[in-house]
file query-v2.cif (mmCIF, C-alpha atoms)
data_data
#
loop_
_atom_site.label_atom_id
_atom_site.label_comp_id
_atom_site.auth_asym_id
_atom_site.auth_seq_id
_atom_site.Cartn_x
_atom_site.Cartn_y
_atom_site.Cartn_z
CA MET A 650 -42.33 69.28 54.44
CA LYS A 651 -43.21 70.21 57.97
CA VAL A 652 -46.20 68.71 59.79
CA THR A 653 -47.48 70.41 62.93
CA ALA A 654 -50.09 68.64 65.08
CA GLN A 655 -52.63 70.73 66.99
CA PRO A 656 -54.92 68.66 69.23
CA ALA A 657 -58.13 70.26 70.55
CA ASP A 658 -60.75 68.15 72.34
CA SER A 659 -61.95 65.51 69.90
CA THR A 660 -60.24 67.06 66.88
CA LEU A 661 -56.66 66.83 65.71
CA THR A 662 -55.49 69.36 63.14
CA LEU A 663 -52.40 68.58 61.09
CA ILE A 664 -50.90 71.70 59.51
CA LEU A 665 -48.91 70.88 56.38
CA ASP A 666 -46.19 73.27 55.27
CA GLY A 667 -44.17 72.72 52.11
CA GLU A 668 -44.11 70.22 49.25
CA LEU A 669 -45.34 66.66 49.64
CA ASP A 670 -43.44 64.34 47.28
CA ALA A 671 -41.75 60.93 47.15
CA SER A 672 -39.00 62.30 49.37
CA SER A 673 -41.09 63.97 52.06
CA ALA A 674 -44.21 61.75 52.16
CA VAL A 675 -42.67 59.62 54.92
CA VAL A 676 -42.98 62.56 57.34
CA LEU A 677 -46.76 62.68 56.88
CA ASP A 678 -47.02 58.89 56.86
CA THR A 679 -45.34 58.75 60.26
CA GLU A 680 -47.84 61.28 61.66
CA LEU A 681 -50.89 59.47 60.26
CA ASN A 682 -49.58 56.12 61.48
CA LYS A 683 -49.59 57.12 65.14
CA PRO A 684 -52.04 54.92 67.10
CA GLU A 685 -53.30 57.89 69.15
CA LEU A 686 -54.80 59.34 65.97
CA LEU A 687 -57.66 56.90 66.33
CA LYS A 688 -58.85 58.44 69.60
CA TYR A 689 -60.03 61.57 67.78
CA LYS A 690 -63.38 61.98 66.04
CA LYS A 691 -61.87 64.14 63.33
CA VAL A 692 -58.48 64.64 61.77
CA LEU A 693 -58.39 67.96 59.92
CA ILE A 694 -55.69 68.60 57.34
CA ASP A 695 -54.85 72.30 56.99
CA CYS A 696 -53.53 72.65 53.44
CA GLN A 697 -53.04 76.41 53.31
CA ARG A 698 -49.26 76.10 53.14
CA LEU A 699 -49.21 72.85 51.20
CA SER A 700 -47.80 74.14 47.92
CA TYR A 701 -47.39 70.83 46.05
CA ILE A 702 -48.55 67.23 46.18
CA SER A 703 -47.47 64.26 44.06
CA SER A 704 -48.91 60.75 43.87
CA ALA A 705 -46.68 59.77 46.80
CA GLY A 706 -48.48 62.35 48.96
CA LEU A 707 -51.90 61.27 47.71
CA GLY A 708 -50.91 57.68 48.40
CA VAL A 709 -50.26 58.44 52.05
CA PHE A 710 -53.79 59.77 52.52
CA ILE A 711 -55.34 56.90 50.53
CA SER A 712 -53.42 54.30 52.50
CA HIS A 713 -54.78 55.58 55.83
CA LEU A 714 -58.34 56.47 54.82
CA GLN A 715 -59.92 53.04 55.34
CA ARG A 716 -58.19 52.58 58.71
CA LEU A 717 -59.54 55.95 59.87
CA GLN A 718 -63.03 55.22 58.53
CA ASP A 719 -63.07 51.84 60.28
CA ALA A 720 -62.28 53.66 63.54
CA ASN A 721 -65.02 56.28 62.85
CA VAL A 722 -62.45 59.05 62.46
CA LYS A 723 -63.34 61.62 59.82
CA LEU A 724 -60.54 62.91 57.61
CA VAL A 725 -61.27 66.42 56.34
CA PHE A 726 -59.09 68.69 54.20
CA PHE A 727 -59.45 72.47 54.22
CA ASN A 728 -57.76 75.65 52.93
CA MET A 729 -56.50 73.80 49.87
CA GLN A 730 -54.75 75.82 47.18
CA GLU A 731 -56.32 75.57 43.71
CA LYS A 732 -53.28 73.92 42.14
CA VAL A 733 -53.22 71.25 44.87
CA PHE A 734 -56.98 70.66 44.60
CA ASN A 735 -56.48 70.27 40.85
CA VAL A 736 -54.25 67.23 41.48
CA PHE A 737 -57.04 65.57 43.49
CA GLU A 738 -59.44 66.47 40.64
CA ILE A 739 -57.25 64.98 37.91
CA LEU A 740 -57.55 61.55 39.53
CA GLY A 741 -61.15 61.99 40.73
CA LEU A 742 -60.08 61.91 44.37
CA ASP A 743 -62.01 65.11 45.08
CA SER A 744 -65.21 63.01 45.04
CA LEU A 745 -63.78 60.37 47.40
CA MET A 746 -62.14 62.67 49.94
CA ASN A 747 -63.84 65.22 52.17
CA ILE A 748 -62.44 68.57 50.99
CA VAL A 749 -64.01 71.81 52.22
CA PRO A 750 -63.01 75.45 51.75
CA THR A 751 -62.50 76.68 55.33
CA GLN A 752 -61.60 75.60 58.85
CA GLU A 753 -65.13 76.45 59.97
CA ALA A 754 -66.56 74.14 57.35
CA ALA A 755 -64.08 71.44 58.34
CA LEU A 756 -65.12 71.68 61.99
CA ALA A 757 -68.76 71.45 60.96
CA ALA A 758 -68.24 68.55 58.56
CA MET B 1243 -36.44 78.00 24.10
CA GLN B 1244 -34.84 75.00 25.73
CA ASP B 1245 -32.95 74.06 28.86
CA ARG B 1246 -31.44 70.94 30.36
CA ILE B 1247 -30.35 69.58 33.71
CA ARG B 1248 -28.54 66.47 34.97
CA ILE B 1249 -29.31 64.96 38.36
CA THR B 1250 -28.09 61.95 40.28
CA CYS B 1251 -30.57 59.24 41.26
CA SER B 1252 -31.49 60.39 44.75
CA ARG B 1253 -35.05 61.29 45.69
CA GLN B 1254 -33.57 64.32 47.48
CA ASN B 1255 -33.10 65.76 43.98
CA LEU B 1256 -36.82 65.81 43.16
CA GLN B 1257 -37.07 69.32 44.57
CA GLN B 1258 -34.30 70.46 42.23
CA VAL B 1259 -36.14 68.93 39.26
CA ARG B 1260 -39.39 70.67 40.18
CA ASP B 1261 -37.65 74.01 40.66
CA PHE B 1262 -36.00 73.60 37.25
CA VAL B 1263 -39.27 72.84 35.43
CA ARG B 1264 -41.12 75.60 37.28
CA GLY B 1265 -38.44 78.14 36.47
CA PHE B 1266 -38.51 77.17 32.79
CA LEU B 1267 -42.29 77.48 32.49
CA VAL B 1268 -42.55 80.64 34.60
CA SER B 1269 -40.13 82.32 32.20
CA ALA B 1270 -42.45 81.14 29.40
CA GLN B 1271 -45.32 82.92 31.19
CA ARG B 1272 -47.64 79.95 31.65
CA SER B 1273 -50.43 79.81 34.24
CA GLU B 1274 -49.72 78.48 37.72
CA LEU B 1275 -52.16 75.60 37.20
CA VAL B 1276 -50.54 74.46 33.95
CA ILE B 1277 -47.07 74.86 35.40
CA ASN B 1278 -48.00 72.71 38.41
CA GLN B 1279 -49.45 69.99 36.17
CA VAL B 1280 -46.31 69.76 34.02
CA VAL B 1281 -44.08 69.89 37.11
CA LEU B 1282 -46.11 67.01 38.55
CA ALA B 1283 -45.85 64.90 35.39
CA VAL B 1284 -42.05 65.31 35.27
CA ASP B 1285 -41.73 64.69 39.02
CA GLU B 1286 -43.66 61.42 38.70
CA VAL B 1287 -41.55 60.08 35.85
CA VAL B 1288 -38.28 61.16 37.46
CA ALA B 1289 -39.32 59.60 40.80
CA ASN B 1290 -40.07 56.33 38.98
CA PHE B 1291 -36.67 56.37 37.32
CA ILE B 1292 -34.89 57.16 40.58
CA ILE B 1293 -36.75 54.69 42.81
CA HIS B 1294 -37.83 51.82 40.54
CA ALA B 1295 -35.30 51.83 37.69
CA ASN B 1296 -32.19 52.78 39.67
CA GLY B 1297 -33.02 51.71 43.22
CA GLU B 1298 -31.94 55.17 44.45
CA ASP B 1299 -28.36 54.51 43.40
CA ALA B 1300 -26.86 58.01 43.61
CA THR B 1301 -23.96 57.02 41.36
CA GLN B 1302 -26.44 56.86 38.47
CA PHE B 1303 -27.86 59.94 36.76
CA LEU B 1304 -30.70 61.26 34.62
CA ASP B 1305 -30.69 63.94 31.93
CA LEU B 1306 -33.75 66.14 31.55
CA LEU B 1307 -34.34 68.28 28.47
CA LEU B 1308 -37.20 70.78 28.07
CA VAL B 1309 -38.03 72.30 24.69
CA LEU B 1310 -40.81 74.83 24.16
CA ALA B 1311 -41.62 75.92 20.61
CA GLY B 1312 -44.68 78.14 20.53
CA HIS B 1313 -47.32 76.20 22.44
CA ASN B 1314 -45.62 72.83 21.99
CA LEU B 1315 -43.75 71.49 24.99
CA ASP B 1316 -41.48 68.46 24.57
CA ILE B 1317 -39.74 66.85 27.50
CA GLU B 1318 -37.12 64.13 27.32
CA ILE B 1319 -35.89 62.27 30.38
CA GLU B 1320 -32.97 59.93 29.71
CA ASP B 1321 -31.96 57.36 32.28
CA HIS B 1322 -28.24 56.54 32.09
CA GLY B 1323 -28.64 53.51 34.34
CA SER B 1324 -27.98 50.05 32.95
CA THR B 1325 -31.47 48.61 33.60
CA LEU B 1326 -34.08 49.15 30.93
CA PHE B 1327 -37.30 50.51 32.41
CA LEU B 1328 -40.14 50.46 29.90
CA PRO B 1329 -43.54 50.86 31.56
CA ALA B 1330 -46.63 51.40 29.44
CA GLY B 1331 -46.91 55.03 28.39
CA LYS B 1332 -50.65 55.67 28.67
CA VAL B 1333 -52.12 53.64 31.53
CA ALA B 1334 -55.62 52.59 32.55
CA ASN B 1335 -57.55 54.50 35.19
CA PRO B 1336 -56.80 53.20 38.68
CA ASP B 1337 -59.69 51.87 40.76
CA LEU B 1338 -59.35 54.36 43.60
CA ARG B 1339 -62.14 52.88 45.72
CA ALA B 1340 -60.26 49.56 45.67
CA TYR B 1341 -57.00 51.36 46.49
CA ILE B 1342 -58.65 52.93 49.54
CA GLN B 1343 -60.04 49.59 50.72
CA GLN B 1344 -56.64 47.95 50.23
CA GLY B 1345 -54.75 50.82 51.91
CA ARG B 1346 -52.60 51.01 48.81
CA LYS B 1347 -49.98 53.75 48.53
CA GLY B 1348 -48.73 53.45 44.95
CA GLY B 1349 -50.05 52.99 41.45
CA MET B 1350 -51.32 56.48 40.68
CA GLY B 1351 -48.24 58.27 39.37
CA MET B 1352 -48.35 57.16 35.74
CA ALA B 1353 -52.14 57.67 35.68
CA LEU B 1354 -51.52 61.31 36.60
CA VAL B 1355 -48.86 61.62 33.90
CA SER B 1356 -51.22 60.09 31.32
CA ARG B 1357 -54.00 62.50 32.15
CA ILE B 1358 -51.78 65.59 32.17
CA MET B 1359 -49.64 65.03 29.08
CA ASP B 1360 -50.87 64.59 25.51
CA GLN B 1361 -48.26 61.96 24.71
CA VAL B 1362 -46.26 59.64 26.96
CA GLU B 1363 -43.81 57.10 25.60
CA PHE B 1364 -40.89 55.11 26.92
CA PHE B 1365 -38.32 53.71 24.51
CA GLU B 1366 -34.77 52.36 24.33
CA ARG B 1367 -31.89 54.40 22.90
CA ASN B 1368 -28.25 53.29 23.09
CA SER B 1369 -29.17 50.72 25.76
CA HIS B 1370 -30.72 53.44 27.93
CA THR B 1371 -34.35 54.15 28.73
CA VAL B 1372 -35.78 57.42 27.46
CA CYS B 1373 -39.15 58.90 28.35
CA HIS B 1374 -40.67 61.42 25.99
CA LEU B 1375 -43.55 63.60 27.16
CA SER B 1376 -45.32 66.18 25.05
CA LYS B 1377 -48.16 68.61 25.54
CA THR B 1378 -49.70 71.51 23.71
CA LEU B 1379 -49.87 74.22 26.34
CA PRO B 1380 -52.87 76.55 26.54
#
call {"tool": "encode", "arguments": {"input": "query-v2.cif", "output": "structure tokens"}}
result
Amino acid sequence: MKVTAQPADSTLTLILDGELDASSAVVLDTELNKPELLKYKKVLIDCQRLSYISSAGLGVFISHLQRLQDANVKLVFFNMQEKVFNVFEILGLDSLMNIVPTQEAALAA
Amino acid sequence: MQDRIRITCSRQNLQQVRDFVRGFLVSAQRSELVINQVVLAVDEVVANFIIHANGEDATQFLDLLLVLAGHNLDIEIEDHGSTLFLPAGKVANPDLRAYIQQGRKGGMGMALVSRIMDQVEFFERNSHTVCHLSKTLP
């Protein structure tokens, strides 16, 4: 799992590349735990190259969501592959997370 | 058709497990969505065995057996560690709103397994823990 951070004005985009499991989730957790994240209005998660997510990956997002919401930082997912979106759906997380189809929609969210 | 693999109890081996299950189901010509669901279910159980039952002790190992007969998929994961690990098979739905408020990371893996597979059971055999998963594939 590779995480690339792209800051632009008030938005930080995190580009995920690879498989997010119990072994690699710590990489994303470290990124989302950075204090400077809270200075942005939006954190966008580009999932185009995220080819797999397990409960450990979902858990990283869930564990940071309230902290981001409390700091008025929106967390938005975009470009999610169908099989990855399906994992969010199985648990019902698709109704609790902000998941949109495109980067344009994420920027407008 | 059937296939088996043995791995040591390191979370670095989860990728190998997923590749093994994917390869098996791709050769059985199943859809990408179904393949990903079964891969996920196996990954969750194996991760639990590695992390919770064996404390990531890489001297311990797990055996994984996949059997597909027609549409019926049976999966057996045997933990050769000395600690019995017998969680409930089918689990209740997690309260995700509470998880978010609590900033909780864990507690969803077995819920995913329960929703994906038709049957989930853990039992003891020869002083080892065995997990049996089954599903009728579309």
call {"tool": "atom_distance", "arguments": {"input": "query-v2.cif", "atom1": "CA of Thr653 (chain A)", "atom2": "CA of Ile1277 (chain B)"}}
result
27.9 Å
call {"tool": "residues_near_point", "arguments": {"input": "query-v2.cif", "point": "(-59.9, 62.0, 68.6)", "cutoff": "7 Å", "atoms": "only C-alpha atoms", "output": "PDB file with C-alpha atoms, keeping the file's coordinate frame"}}
result
ATOM      1  CA  SER A 659     -61.950  65.510  69.900  1.00  0.00           C
ATOM      2  CA  THR A 660     -60.240  67.060  66.880  1.00  0.00           C
ATOM      3  CA  LEU A 661     -56.660  66.830  65.710  1.00  0.00           C
ATOM      4  CA  LEU A 686     -54.800  59.340  65.970  1.00  0.00           C
ATOM      5  CA  LEU A 687     -57.660  56.900  66.330  1.00  0.00           C
ATOM      6  CA  LYS A 688     -58.850  58.440  69.600  1.00  0.00           C
ATOM      7  CA  TYR A 689     -60.030  61.570  67.780  1.00  0.00           C
ATOM      8  CA  LYS A 690     -63.380  61.980  66.040  1.00  0.00           C
ATOM      9  CA  LYS A 691     -61.870  64.140  63.330  1.00  0.00           C
TER      10      LYS A 691
END
call {"tool": "closest_atom_pairs", "arguments": {"input": "query-v2.cif", "of": "chain B", "to": "chain A", "cutoff": "7 Å", "atoms": "only C-alpha atoms", "output": "tab-separated table"}}
result
residue	atom	partner	partner_atom	distance
B:Arg1253	CA	A:Ser672	CA	5.5
B:Gln1254	CA	A:Ser672	CA	6.1
B:Leu1275	CA	A:Lys732	CA	5.3
B:Asn1278	CA	A:Lys732	CA	6.6
B:Leu1282	CA	A:Ser703	CA	6.3
B:Ala1289	CA	A:Ala671	CA	6.9
B:Ile1342	CA	A:Ile711	CA	5.3
B:Gln1343	CA	A:Gln715	CA	5.8
B:Gly1345	CA	A:Ser712	CA	3.8
B:Arg1346	CA	A:Ser712	CA	5.0
B:Lys1347	CA	A:Gly708	CA	4.0
B:Gly1348	CA	A:Gly708	CA	5.9
B:Met1350	CA	A:Ser704	CA	5.8
B:Gly1351	CA	A:Ser704	CA	5.2
B:Leu1354	CA	A:Leu740	CA	6.7
call {"tool": "closest_residue", "arguments": {"input": "query-v2.cif", "among": "B:Glu1366, B:Asp1245, B:Asp1337, B:Glu1274", "to": "Ile1317 (chain B)", "atoms": "all atoms listed in the file"}}
result
B:Asp1245
call {"tool": "atom_distance", "arguments": {"input": "query-v2.cif", "atom1": "CA of Gly1323 (chain B)", "atom2": "CA of Val1284 (chain B)"}}
result
17.9 Å
call {"tool": "atom_distance", "arguments": {"input": "query-v2.cif", "atom1": "CA of Val1287 (chain B)", "atom2": "CA of Ile1247 (chain B)"}}
result
14.8 Å
call {"tool": "closest_residue", "arguments": {"input": "query-v2.cif", "among": "B:Met1352, B:Ala1330, B:Ile1319, B:Leu1256", "to": "Leu1375 (chain B)", "atoms": "only C-alpha atoms"}}
result
B:Ile1319
call {"tool": "resolve_selection", "arguments": {"input": "query-v2.cif", "expression": "the PyMOL selection byres ((chain B and resi 1299-1309) around 9)", "output": "ChimeraX atom specification"}}
result
/B:1243-1252,1259,1263,1266,1288,1291-1293,1296-1298,1310-1311,1314-1324
